[in-house]
Each structure stands twice: as structure tokens, then as C-alpha cells.
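Trainee: Structure below; questions to follow.
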Amino acid sequence: MTFAHHKGGTGKTTSCLAIAGCLAGAGEKVLVIDCDPQANATTGLGIDSEDQSKNIYDVFMNVFDGFPDVSIKDVIVETKSGIHLVPSSLDLVGVEPYLYGINERAVVLKDALKPVINEYRYILIDTPPSMGQFVINGIIAADRIVLTLDSSVFARKGMDSLESIFEDIKENTGKNKTPDMAVITRAGVLFERKSPMDELKIIFRQLLFSETPGREEMIRQDELEKDIMKKIKEVFSVPYDSSVYSAQKEGTPVTVLYPDSPASLKYRQIAEIIRRW
Ligand SMILES: Nc1ncnc2c1ncn2[C@@H]1O[C@H](COP(=O)(O)OP(=O)(O)OP(=O)(O)O)[C@@H](O)[C@H]1O
Ligand SMILES: [Mg+2]
């Protein structure tokens, strides 16, 4: 089974690796495909993209005349958490102009996966933050789509943006592919806590109206979940958790390094649902 992550907020790479960590931990053969030139999934698994002689760039370029014959099998590396990885690097940005020159530009990744499709129980494709050829290739190659939504960004933009994500996918892939699951990341950060002004407003409100901290956020979180559930069957909220950041620095999925952290507990529930698909 393959599945792609399409972005609606922040936490896509984190979720991809956290889910991969759970599946690998459960004994499944898991391949992560880093399809983002930012290569966050690569570094997130402890691999330095500079150290790799070949990566996803070569796999895409294989379809063009004059470039070396490279199969996806040639670029797979085993990472310390047992997850196999097709690494990425900034080189990948160079692929897009070539893709525009061919008609079959959307199926390059799907075709490239054929040699490994039966070798892995799960193939997870991490896609870039904005719609482009790599997101389209990821969605076309996948038979399931997990959508990540950042709670704070999403709450501000409102529900229209969920519709626009569905439309975006249809417009760009020409297919009625809809997300099978939504993961709301950094739940509880519905207000932009980063701004000191918002922080102050919350403190004042608590002082003046003796509101319990986070009560309003909880209500909005609930409403957000209910609204998304109308469109997507499975909706999960992953709490804000500083261990996500610590694990990232260690180049290990949070679910592998801190299996009992609040985020990991949620990612394990998510992985259990995915295993039943
Ligand atoms: N549950 C969480 N709790 C705390 N921080 C989180 C959580 N999930 C993600 N983050 C943080 O948010 C940042 C972005 O996460 P991530 O790289 O997974 O997002 P992305 O959607 O893949 O972004 P990009 O657009 O760069 O591809 C990271 O610094 C990560 O540590
Ligand atoms: Mg990312």
C-alpha cells in the first residue's frame, strides 16, 4: 500500500515519519519516499542528503534521454530506525522543468514505484508544502491520502480551505482523489500563541473572566474536528508536543525515540487505523 501526505498546514513530514515509525515498530516493511527538495524526511531519519550519491532526483531523471539508468532500488538506504528511505536533496528542484516537457509528467513516480511495490507493506510518500508536480506525482502514485492540517492556520482560514484542498487535488490530478484521513497537528494551538499580543490577551481574559485556560480553544478544536469529520471519515488531532522537536534534532521519528510522549500515543492510534485499511 502506498500513501501520500498532502499539506494543509504544518506537520506533514513529522506525521509521515511518526506513522512510518509506528508501522516499522509493529514489524511491517516500510519505505518512506522523500519527494520534497527540502529533504526534511531525509534529515528526519538521520540521513545527510549530501552524503548520498544518488537520490529521488536520479529516479525522476531516469525517464529522460541522456540521463543514467537508475531504478528506485538503486537509491534506497536503510535508516537507523529500520525504515527504508528514498532520500531527497535540493537537486530535486531541477526535475520540474523537465517534467513540463513530457505528457506523462504526473505518473513518473507511480511508474518508478513498480519494482518495489510488492517488497514493502507500506510506502509513504512525503510531499512538498505547496501544490506542484511532486505533490501531483505523490497523489497519483498513492492509493491512500493522509491530509495534515495545522490547527492554528486552519482555524483562521476557516472551512472553505478544506473545500479548496479537495478542488485543488481534482484540478491538478484530473482525478477524484479525496483524503482518507485528516491529521490535525499541534492541536491546542488554535490561537497564534507565538505572538506576544495573543499570549497577553489570553492571560488578561483569564484574569478578568476567570476562564479556565484553553477552554475556548478546546471548544473551537471540537468544532473544527466535527466540521472536518463531515468530509473525511477519519480525523485525528495530535497535541502540541515538544518531544516532536527533540526527536527531529536526533534524526529519529518521535514514535521511535519517545514512544510514550503525548504525540506518539496519538500517532500509534493513527497507525492502528492505517493497518486496518
Ligand atoms: N505535534 C507537534 N508538536 C510540536 N511541534 C510540532 C508538532 N508537529 C510538528 N511540529 C513542528 O512543526 C515544524 C514543521 O513540521 P514539519 O516539518 O513536520 O512540517 P511540514 O508540513 O512537513 O513542513 P514543510 O512545509 O517544511 O514540508 C517542525 O519544526 C516540527 O517540529
Ligand atoms: Mg515537510
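Chains: A, B, ... in order of the C-alpha cells. Residues: from 1 per chain. Ligands: from 1, in order shown.
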Can you pull out every residue within 8 Å of Val86 in chain A, counting only C-alpha atoms, but drop anything in the same chain fewer than 2 positions away, and send it as a PyMOL selection string?
Mentor: chain A and resi 31-34+42+55-56+72+75-77+84+88
Trainee: For ligand 1, return the neighbouring residues as a PDB file with N, CA and C atoms, in the first residue's frame (distance at most 8 Å; only C-alpha atoms and all ligand atoms).
Mentor:
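The resulting part11.pdb:
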```pdb
ATOM      1  N   LYS A   7      -0.551  18.529   1.970  1.00  0.00           N
ATOM      2  CA  LYS A   7      -0.445  19.530   3.013  1.00  0.00           C
ATOM      3  C   LYS A   7      -1.589  20.517   3.094  1.00  0.00           C
ATOM      4  N   GLY A   8      -1.995  20.798   4.288  1.00  0.00           N
ATOM      5  CA  GLY A   8      -2.904  21.903   4.523  1.00  0.00           C
ATOM      6  C   GLY A   8      -2.371  22.738   5.660  1.00  0.00           C
ATOM      7  N   GLY A   9      -1.230  22.381   6.155  1.00  0.00           N
ATOM      8  CA  GLY A   9      -0.669  23.102   7.295  1.00  0.00           C
ATOM      9  C   GLY A   9       0.713  22.605   7.613  1.00  0.00           C
ATOM     10  N   THR A  10       1.010  22.558   8.896  1.00  0.00           N
ATOM     11  CA  THR A  10       2.354  22.164   9.309  1.00  0.00           C
ATOM     12  C   THR A  10       2.313  20.813  10.010  1.00  0.00           C
ATOM     13  N   GLY A  11       3.337  20.021   9.768  1.00  0.00           N
ATOM     14  CA  GLY A  11       3.434  18.756  10.493  1.00  0.00           C
ATOM     15  C   GLY A  11       3.337  17.558   9.588  1.00  0.00           C
ATOM     16  N   LYS A  12       3.400  17.799   8.299  1.00  0.00           N
ATOM     17  CA  LYS A  12       3.276  16.696   7.325  1.00  0.00           C
ATOM     18  C   LYS A  12       4.443  15.724   7.428  1.00  0.00           C
ATOM     19  N   THR A  13       5.656  16.261   7.365  1.00  0.00           N
ATOM     20  CA  THR A  13       6.830  15.397   7.450  1.00  0.00           C
ATOM     21  C   THR A  13       6.872  14.684   8.801  1.00  0.00           C
ATOM     22  N   THR A  14       6.591  15.457   9.852  1.00  0.00           N
ATOM     23  CA  THR A  14       6.560  14.874  11.195  1.00  0.00           C
ATOM     24  C   THR A  14       5.591  13.701  11.247  1.00  0.00           C
ATOM     25  N   SER A  15       4.384  13.907  10.705  1.00  0.00           N
ATOM     26  CA  SER A  15       3.360  12.855  10.742  1.00  0.00           C
ATOM     27  C   SER A  15       3.773  11.658   9.909  1.00  0.00           C
ATOM     28  N   CYS A  16       4.339  11.925   8.735  1.00  0.00           N
ATOM     29  CA  CYS A  16       4.763  10.851   7.844  1.00  0.00           C
ATOM     30  C   CYS A  16       5.778   9.953   8.562  1.00  0.00           C
ATOM     31  N   ASP A  36      10.290  15.807  -1.508  1.00  0.00           N
ATOM     32  CA  ASP A  36      10.342  17.245  -1.272  1.00  0.00           C
ATOM     33  C   ASP A  36      11.807  17.689  -1.337  1.00  0.00           C
ATOM     34  N   GLN A  38      13.197  20.039  -0.019  1.00  0.00           N
ATOM     35  CA  GLN A  38      13.675  20.473   1.302  1.00  0.00           C
ATOM     36  C   GLN A  38      14.295  19.333   2.084  1.00  0.00           C
ATOM     37  N   ASN A  40      13.325  17.227   4.318  1.00  0.00           N
ATOM     38  CA  ASN A  40      13.114  17.118   5.765  1.00  0.00           C
ATOM     39  C   ASN A  40      12.893  15.681   6.227  1.00  0.00           C
ATOM     40  N   ALA A  41      12.278  14.876   5.366  1.00  0.00           N
ATOM     41  CA  ALA A  41      12.075  13.467   5.744  1.00  0.00           C
ATOM     42  C   ALA A  41      13.417  12.738   5.777  1.00  0.00           C
ATOM     43  N   ASP A 126       6.276  11.465   1.225  1.00  0.00           N
ATOM     44  CA  ASP A 126       6.194  12.796   1.839  1.00  0.00           C
ATOM     45  C   ASP A 126       6.325  13.833   0.735  1.00  0.00           C
ATOM     46  N   THR A 127       5.318  14.689   0.611  1.00  0.00           N
ATOM     47  CA  THR A 127       5.273  15.651  -0.497  1.00  0.00           C
ATOM     48  C   THR A 127       5.583  17.074  -0.013  1.00  0.00           C
ATOM     49  N   PRO A 128       5.923  17.965  -0.946  1.00  0.00           N
ATOM     50  CA  PRO A 128       6.267  19.340  -0.561  1.00  0.00           C
ATOM     51  C   PRO A 128       5.061  20.138  -0.052  1.00  0.00           C
ATOM     52  N   PRO A 129       5.328  21.303   0.539  1.00  0.00           N
ATOM     53  CA  PRO A 129       4.251  22.103   1.123  1.00  0.00           C
ATOM     54  C   PRO A 129       3.267  22.721   0.123  1.00  0.00           C
ATOM     55  N   SER A 130       3.712  23.030  -1.095  1.00  0.00           N
ATOM     56  CA  SER A 130       2.745  23.680  -1.994  1.00  0.00           C
ATOM     57  C   SER A 130       2.505  22.836  -3.235  1.00  0.00           C
ATOM     58  N   THR A 148      -2.649  16.542   6.253  1.00  0.00           N
ATOM     59  CA  THR A 148      -2.335  17.146   7.550  1.00  0.00           C
ATOM     60  C   THR A 148      -2.813  18.586   7.555  1.00  0.00           C
ATOM     61  N   THR A 185      -2.503  18.724  13.297  1.00  0.00           N
ATOM     62  CA  THR A 185      -1.287  18.727  14.108  1.00  0.00           C
ATOM     63  C   THR A 185      -1.239  19.943  15.029  1.00  0.00           C
ATOM     64  N   ARG A 186      -0.449  19.808  16.043  1.00  0.00           N
ATOM     65  CA  ARG A 186      -0.254  20.856  17.038  1.00  0.00           C
ATOM     66  C   ARG A 186      -1.591  21.350  17.574  1.00  0.00           C
ATOM     67  N   ALA A 187      -2.454  20.399  17.893  1.00  0.00           N
ATOM     68  CA  ALA A 187      -3.757  20.745  18.447  1.00  0.00           C
ATOM     69  C   ALA A 187      -3.578  21.536  19.731  1.00  0.00           C
ATOM     70  N   VAL A 238      -3.385  15.608  16.824  1.00  0.00           N
ATOM     71  CA  VAL A 238      -2.138  15.296  17.519  1.00  0.00           C
ATOM     72  C   VAL A 238      -1.772  16.522  18.352  1.00  0.00           C
ATOM     73  N   PRO A 239      -1.605  16.356  19.674  1.00  0.00           N
ATOM     74  CA  PRO A 239      -1.347  17.521  20.516  1.00  0.00           C
ATOM     75  C   PRO A 239       0.019  18.163  20.256  1.00  0.00           C
ATOM     76  N   TYR A 240       0.099  19.412  20.617  1.00  0.00           N
ATOM     77  CA  TYR A 240       1.397  20.085  20.607  1.00  0.00           C
ATOM     78  C   TYR A 240       2.300  19.332  21.581  1.00  0.00           C
ATOM     79  N   ASP A 241       3.515  19.014  21.170  1.00  0.00           N
ATOM     80  CA  ASP A 241       4.388  18.171  21.982  1.00  0.00           C
ATOM     81  C   ASP A 241       5.842  18.519  21.668  1.00  0.00           C
ATOM     82  N   SER A 242       6.558  18.989  22.673  1.00  0.00           N
ATOM     83  CA  SER A 242       7.935  19.434  22.422  1.00  0.00           C
ATOM     84  C   SER A 242       8.862  18.273  22.068  1.00  0.00           C
ATOM     85  N   SER A 243       8.475  17.044  22.391  1.00  0.00           N
ATOM     86  CA  SER A 243       9.331  15.905  22.044  1.00  0.00           C
ATOM     87  C   SER A 243       9.407  15.694  20.526  1.00  0.00           C
ATOM     88  N   VAL A 244       8.407  16.240  19.793  1.00  0.00           N
ATOM     89  CA  VAL A 244       8.455  16.172  18.331  1.00  0.00           C
ATOM     90  C   VAL A 244       9.715  16.889  17.846  1.00  0.00           C
ATOM     91  N   TYR A 245       9.946  18.039  18.425  1.00  0.00           N
ATOM     92  CA  TYR A 245      11.088  18.859  18.051  1.00  0.00           C
ATOM     93  C   TYR A 245      12.413  18.195  18.469  1.00  0.00           C
ATOM     94  N   SER A 246      12.437  17.628  19.669  1.00  0.00           N
ATOM     95  CA  SER A 246      13.660  16.952  20.155  1.00  0.00           C
ATOM     96  C   SER A 246      14.008  15.769  19.260  1.00  0.00           C
ATOM     97  N   GLN A 248      13.208  15.326  16.177  1.00  0.00           N
ATOM     98  CA  GLN A 248      13.625  15.852  14.870  1.00  0.00           C
ATOM     99  C   GLN A 248      15.134  16.151  14.887  1.00  0.00           C
ATOM    100  N   ALA A 263       2.243  12.992  21.713  1.00  0.00           N
ATOM    101  CA  ALA A 263       2.071  12.921  20.256  1.00  0.00           C
ATOM    102  C   ALA A 263       2.182  11.477  19.768  1.00  0.00           C
TER     103      ALA A 263
END
```
Trainee: Using the chain letters and numbers from this document, which residues of range 50-79 of chain A does DSSP assign to helix (DSSP H, G or I), as a list in words?
Mentor: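 Here is the list: Glu50, Asp51, Ile56, Tyr57, Asp58, Val59, Phe60, Met61, Ile72, Lys73, Asp74 and Val75 of chain A.
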Trainee: Just N, CA and C atoms for this one: save the residues we selected as a compact mmCIF listing (two decimals), in the first residue's frame.
Mentor:
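So the final result, stored in selection-v6.txt, reads:
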```
# COMPACT_ATOMS: atom_id res chain seq x y z
N GLU A 50 23.57 15.19 1.55
CA GLU A 50 24.84 15.47 0.86
C GLU A 50 25.71 14.21 0.71
N ASP A 51 25.51 13.27 1.63
CA ASP A 51 26.32 12.04 1.63
C ASP A 51 25.86 11.01 0.61
N ILE A 56 16.25 10.68 -5.07
CA ILE A 56 14.99 10.71 -5.82
C ILE A 56 15.12 11.51 -7.13
N TYR A 57 16.03 12.47 -7.13
CA TYR A 57 16.30 13.23 -8.36
C TYR A 57 16.64 12.29 -9.52
N ASP A 58 17.57 11.35 -9.25
CA ASP A 58 18.02 10.41 -10.29
C ASP A 58 16.89 9.50 -10.74
N VAL A 59 15.99 9.17 -9.80
CA VAL A 59 14.86 8.29 -10.13
C VAL A 59 13.92 9.01 -11.12
N PHE A 60 13.66 10.28 -10.89
CA PHE A 60 12.83 11.06 -11.82
C PHE A 60 13.54 11.25 -13.16
N MET A 61 14.84 11.58 -13.11
CA MET A 61 15.57 11.90 -14.33
C MET A 61 15.80 10.69 -15.24
N ILE A 72 14.58 2.80 -8.73
CA ILE A 72 14.33 3.22 -7.35
C ILE A 72 15.11 2.34 -6.37
N LYS A 73 15.30 1.07 -6.76
CA LYS A 73 16.04 0.14 -5.89
C LYS A 73 17.47 0.58 -5.65
N ASP A 74 18.04 1.32 -6.63
CA ASP A 74 19.44 1.74 -6.52
C ASP A 74 19.65 2.86 -5.48
N VAL A 75 18.58 3.51 -5.08
CA VAL A 75 18.77 4.68 -4.21
C VAL A 75 18.26 4.46 -2.78
```
Trainee: Give me, as a list in words, the residues of range 8-185 of chain A that a backbone DSSP run labels strand (DSSP E or B).
Mentor: Val30, Leu31, Val32, Ile33, Asp34, Val77, Glu78, His84, Leu85, Val86, Tyr122, Ile123, Leu124, Ile125, Asp126, Arg144, Ile145, Val146, Leu147, Thr148, Leu149, Asp150, Met181, Ala182, Val183, Ile184 and Thr185 of chain A
Trainee: Which residue gives the smallest distance to ligand 2 among A:His5, A:Ile165, A:Ile123, A:Ala24, with only C-alpha atoms and all ligand atoms counted?
Mentor: A:His5
Trainee: If we count only C-alpha atoms and set the cut-off at 7 Å, which residues sit around Val146 in chain A, ignoring sequence neighbours fewer than 5 positions away in its own chain? Please answer as a VMD selection string.
Mentor: chain A and resid 4 to 6 179 to 182
Trainee: With N, CA and C atoms kept, could you save the residues just selected as a PDB file, in the first residue's frame?
Mentor:
```pdb
ATOM      1  N   ALA A   4       0.158   9.030   0.336  1.00  0.00           N
ATOM      2  CA  ALA A   4       0.827  10.324   0.232  1.00  0.00           C
ATOM      3  C   ALA A   4       0.273  11.279   1.268  1.00  0.00           C
ATOM      4  N   HIS A   5       1.086  12.198   1.640  1.00  0.00           N
ATOM      5  CA  HIS A   5       0.657  13.250   2.537  1.00  0.00           C
ATOM      6  C   HIS A   5       0.460  14.516   1.744  1.00  0.00           C
ATOM      7  N   HIS A   6      -0.736  15.066   1.812  1.00  0.00           N
ATOM      8  CA  HIS A   6      -0.955  16.341   1.153  1.00  0.00           C
ATOM      9  C   HIS A   6      -1.123  17.401   2.220  1.00  0.00           C
ATOM     10  N   PRO A 179      -8.896  12.863   0.422  1.00  0.00           N
ATOM     11  CA  PRO A 179      -8.150  12.354   1.578  1.00  0.00           C
ATOM     12  C   PRO A 179      -8.932  11.278   2.329  1.00  0.00           C
ATOM     13  N   ASP A 180      -8.223  10.257   2.791  1.00  0.00           N
ATOM     14  CA  ASP A 180      -8.837   9.174   3.550  1.00  0.00           C
ATOM     15  C   ASP A 180      -8.781   9.459   5.044  1.00  0.00           C
ATOM     16  N   MET A 181      -7.863  10.337   5.403  1.00  0.00           N
ATOM     17  CA  MET A 181      -7.695  10.658   6.817  1.00  0.00           C
ATOM     18  C   MET A 181      -7.160  12.084   6.938  1.00  0.00           C
ATOM     19  N   ALA A 182      -7.598  12.789   7.967  1.00  0.00           N
ATOM     20  CA  ALA A 182      -7.022  14.100   8.244  1.00  0.00           C
ATOM     21  C   ALA A 182      -6.325  14.037   9.599  1.00  0.00           C
TER      22      ALA A 182
END
```
Trainee: Which residue gives the smallest distance to ligand 2 among A:Ile125, A:Ala20, A:Val116, A:Leu92, with only C-alpha atoms and all ligand atoms counted?
Mentor: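 Of A:Ile125, A:Ala20, A:Val116, A:Leu92, the one nearest ligand 2, counting only C-alpha atoms and all ligand atoms, is A:Ile125.
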Trainee: What's the 9 Å shell around range 138-143 of chain A, counting only C-alpha atoms, without same-chain residues fewer than 5 positions away, as a PyMOL selection string?
Mentor: chain A and resi 1-6+35+106-111+113+123-127+133+169+173+175+177
Trainee: Quick one: write out the picked residues with N, CA and C atoms as a PDB file, in the first residue's frame?
Mentor:
```pdb
ATOM      1  N   MET A   1       0.835  -1.200   0.000  1.00  0.00           N
ATOM      2  CA  MET A   1       0.000   0.000   0.000  1.00  0.00           C
ATOM      3  C   MET A   1       0.875   1.258   0.000  1.00  0.00           C
ATOM      4  N   THR A   2       0.454   2.224  -0.774  1.00  0.00           N
ATOM      5  CA  THR A   2       1.194   3.485  -0.795  1.00  0.00           C
ATOM      6  C   THR A   2       0.278   4.579  -0.288  1.00  0.00           C
ATOM      7  N   PHE A   3       0.825   5.524   0.439  1.00  0.00           N
ATOM      8  CA  PHE A   3       0.001   6.691   0.701  1.00  0.00           C
ATOM      9  C   PHE A   3       0.792   7.974   0.791  1.00  0.00           C
ATOM     10  N   ALA A   4       0.158   9.030   0.336  1.00  0.00           N
ATOM     11  CA  ALA A   4       0.827  10.324   0.232  1.00  0.00           C
ATOM     12  C   ALA A   4       0.273  11.279   1.268  1.00  0.00           C
ATOM     13  N   HIS A   5       1.086  12.198   1.640  1.00  0.00           N
ATOM     14  CA  HIS A   5       0.657  13.250   2.537  1.00  0.00           C
ATOM     15  C   HIS A   5       0.460  14.516   1.744  1.00  0.00           C
ATOM     16  N   HIS A   6      -0.736  15.066   1.812  1.00  0.00           N
ATOM     17  CA  HIS A   6      -0.955  16.341   1.153  1.00  0.00           C
ATOM     18  C   HIS A   6      -1.123  17.401   2.220  1.00  0.00           C
ATOM     19  N   CYS A  35       9.829  13.171  -1.276  1.00  0.00           N
ATOM     20  CA  CYS A  35       9.560  13.765  -2.580  1.00  0.00           C
ATOM     21  C   CYS A  35       9.548  15.288  -2.482  1.00  0.00           C
ATOM     22  N   ALA A 106       2.753  13.329 -14.759  1.00  0.00           N
ATOM     23  CA  ALA A 106       2.112  13.055 -13.465  1.00  0.00           C
ATOM     24  C   ALA A 106       2.307  11.620 -12.975  1.00  0.00           C
ATOM     25  N   VAL A 107       2.745  10.733 -13.881  1.00  0.00           N
ATOM     26  CA  VAL A 107       2.823   9.313 -13.494  1.00  0.00           C
ATOM     27  C   VAL A 107       4.260   8.805 -13.342  1.00  0.00           C
ATOM     28  N   VAL A 108       5.218   9.708 -13.360  1.00  0.00           N
ATOM     29  CA  VAL A 108       6.625   9.294 -13.286  1.00  0.00           C
ATOM     30  C   VAL A 108       6.895   8.533 -11.983  1.00  0.00           C
ATOM     31  N   LEU A 109       6.417   9.061 -10.867  1.00  0.00           N
ATOM     32  CA  LEU A 109       6.662   8.390  -9.588  1.00  0.00           C
ATOM     33  C   LEU A 109       5.911   7.054  -9.512  1.00  0.00           C
ATOM     34  N   LYS A 110       4.662   7.068  -9.958  1.00  0.00           N
ATOM     35  CA  LYS A 110       3.854   5.832  -9.949  1.00  0.00           C
ATOM     36  C   LYS A 110       4.577   4.721 -10.718  1.00  0.00           C
ATOM     37  N   ASP A 111       5.105   5.041 -11.889  1.00  0.00           N
ATOM     38  CA  ASP A 111       5.838   4.054 -12.691  1.00  0.00           C
ATOM     39  C   ASP A 111       7.134   3.626 -11.993  1.00  0.00           C
ATOM     40  N   LEU A 113       7.742   3.385  -8.934  1.00  0.00           N
ATOM     41  CA  LEU A 113       7.496   2.550  -7.746  1.00  0.00           C
ATOM     42  C   LEU A 113       7.320   1.067  -8.060  1.00  0.00           C
ATOM     43  N   ILE A 123       4.327   2.022   1.661  1.00  0.00           N
ATOM     44  CA  ILE A 123       5.210   3.013   1.062  1.00  0.00           C
ATOM     45  C   ILE A 123       4.598   4.375   1.345  1.00  0.00           C
ATOM     46  N   LEU A 124       5.310   5.182   2.095  1.00  0.00           N
ATOM     47  CA  LEU A 124       4.798   6.502   2.470  1.00  0.00           C
ATOM     48  C   LEU A 124       5.535   7.573   1.677  1.00  0.00           C
ATOM     49  N   ILE A 125       4.771   8.431   1.038  1.00  0.00           N
ATOM     50  CA  ILE A 125       5.368   9.473   0.204  1.00  0.00           C
ATOM     51  C   ILE A 125       5.184  10.824   0.896  1.00  0.00           C
ATOM     52  N   ASP A 126       6.276  11.465   1.225  1.00  0.00           N
ATOM     53  CA  ASP A 126       6.194  12.796   1.839  1.00  0.00           C
ATOM     54  C   ASP A 126       6.325  13.833   0.735  1.00  0.00           C
ATOM     55  N   THR A 127       5.318  14.689   0.611  1.00  0.00           N
ATOM     56  CA  THR A 127       5.273  15.651  -0.497  1.00  0.00           C
ATOM     57  C   THR A 127       5.583  17.074  -0.013  1.00  0.00           C
ATOM     58  N   GLN A 133       4.321  19.655  -9.230  1.00  0.00           N
ATOM     59  CA  GLN A 133       4.460  18.346  -9.864  1.00  0.00           C
ATOM     60  C   GLN A 133       4.746  17.216  -8.871  1.00  0.00           C
ATOM     61  N   ILE A 169      -6.875  19.225  -5.565  1.00  0.00           N
ATOM     62  CA  ILE A 169      -6.451  17.881  -5.947  1.00  0.00           C
ATOM     63  C   ILE A 169      -7.103  17.484  -7.267  1.00  0.00           C
ATOM     64  N   THR A 173      -4.914  16.854 -10.601  1.00  0.00           N
ATOM     65  CA  THR A 173      -4.655  15.464 -10.974  1.00  0.00           C
ATOM     66  C   THR A 173      -5.687  14.967 -11.978  1.00  0.00           C
ATOM     67  N   LYS A 175      -8.300  13.756 -11.215  1.00  0.00           N
ATOM     68  CA  LYS A 175      -8.944  12.583 -10.618  1.00  0.00           C
ATOM     69  C   LYS A 175      -9.671  12.968  -9.341  1.00  0.00           C
ATOM     70  N   LYS A 177      -9.616  12.197  -6.326  1.00  0.00           N
ATOM     71  CA  LYS A 177      -8.916  11.609  -5.183  1.00  0.00           C
ATOM     72  C   LYS A 177      -9.229  12.461  -3.964  1.00  0.00           C
TER      73      LYS A 177
END
```
Trainee: Could you state the separation of CA of Arg121 in chain A and CA of Arg276 in chain A in Å, given to one decimal place?
Mentor: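 Between CA of Arg121 in chain A and CA of Arg276 in chain A the gap works out to 12.3 Å.
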Trainee: Pick out the residues sitting within 8 Å of range 79-82 of chain A, and hand them over as a list in words; count only C-alpha atoms, and ignore anything fewer than 3 positions along from it in its own chain.
Mentor: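 Residues meeting the cut-off are Gly21, Ala24, Leu45, Gly46, Ile47, Leu85, Thr252, Pro253 and Val256 of chain A.
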Trainee: Take the residues from that selection and put them in a file with C-alpha atoms, as an mmCIF file, in the first residue's frame.
Mentor:
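Result written to selection-v7.cif:
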```
data_model
loop_
_atom_site.group_PDB
_atom_site.id
_atom_site.type_symbol
_atom_site.label_atom_id
_atom_site.label_comp_id
_atom_site.auth_asym_id
_atom_site.auth_seq_id
_atom_site.Cartn_x
_atom_site.Cartn_y
_atom_site.Cartn_z
ATOM 1 C CA GLY A 21 7.967 4.678 12.895
ATOM 2 C CA ALA A 24 8.046 -0.293 11.319
ATOM 3 C CA LEU A 45 15.520 9.844 9.502
ATOM 4 C CA GLY A 46 19.122 10.767 10.288
ATOM 5 C CA ILE A 47 20.413 10.746 6.721
ATOM 6 C CA LEU A 85 14.257 5.587 2.656
ATOM 7 C CA THR A 252 14.617 9.794 14.552
ATOM 8 C CA PRO A 253 10.805 9.603 14.329
ATOM 9 C CA VAL A 256 10.639 5.608 17.893
#
```
Trainee: So, counting only C-alpha atoms and all ligand atoms, which residue among A:Ala112, A:Asp65, A:Leu162, A:Val135 is closest to ligand 2?
Mentor: A:Val135
Trainee: Quick one: pull the distance between CA of Ile117 in chain A and CA of Gly27 in chain A, Å, one decimal.
Mentor: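 Distance reported for this atom pair: 17.5 Å.
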Trainee: Could you pull the residues within 7 Å of Ile184 in chain A, counting only C-alpha atoms, minus those fewer than 4 positions along the same chain, as number ranges by chain?
Mentor: A: 148-151, 236-238
Trainee: Please measure the separation of CA of Val235 in chain A and CA of Lys249 in chain A, giving the value in Å to one decimal.
Mentor: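 One can read the CA of Val235 in chain A to CA of Lys249 in chain A distance as 27.6 Å.
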Trainee: With distances taken over only C-alpha atoms, which of A:Ala26, A:Glu234, A:Leu99, A:Val70 is nearest to Arg275 in chain A?
Mentor: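 So, comparing all the options, the nearest one is A:Ala26.
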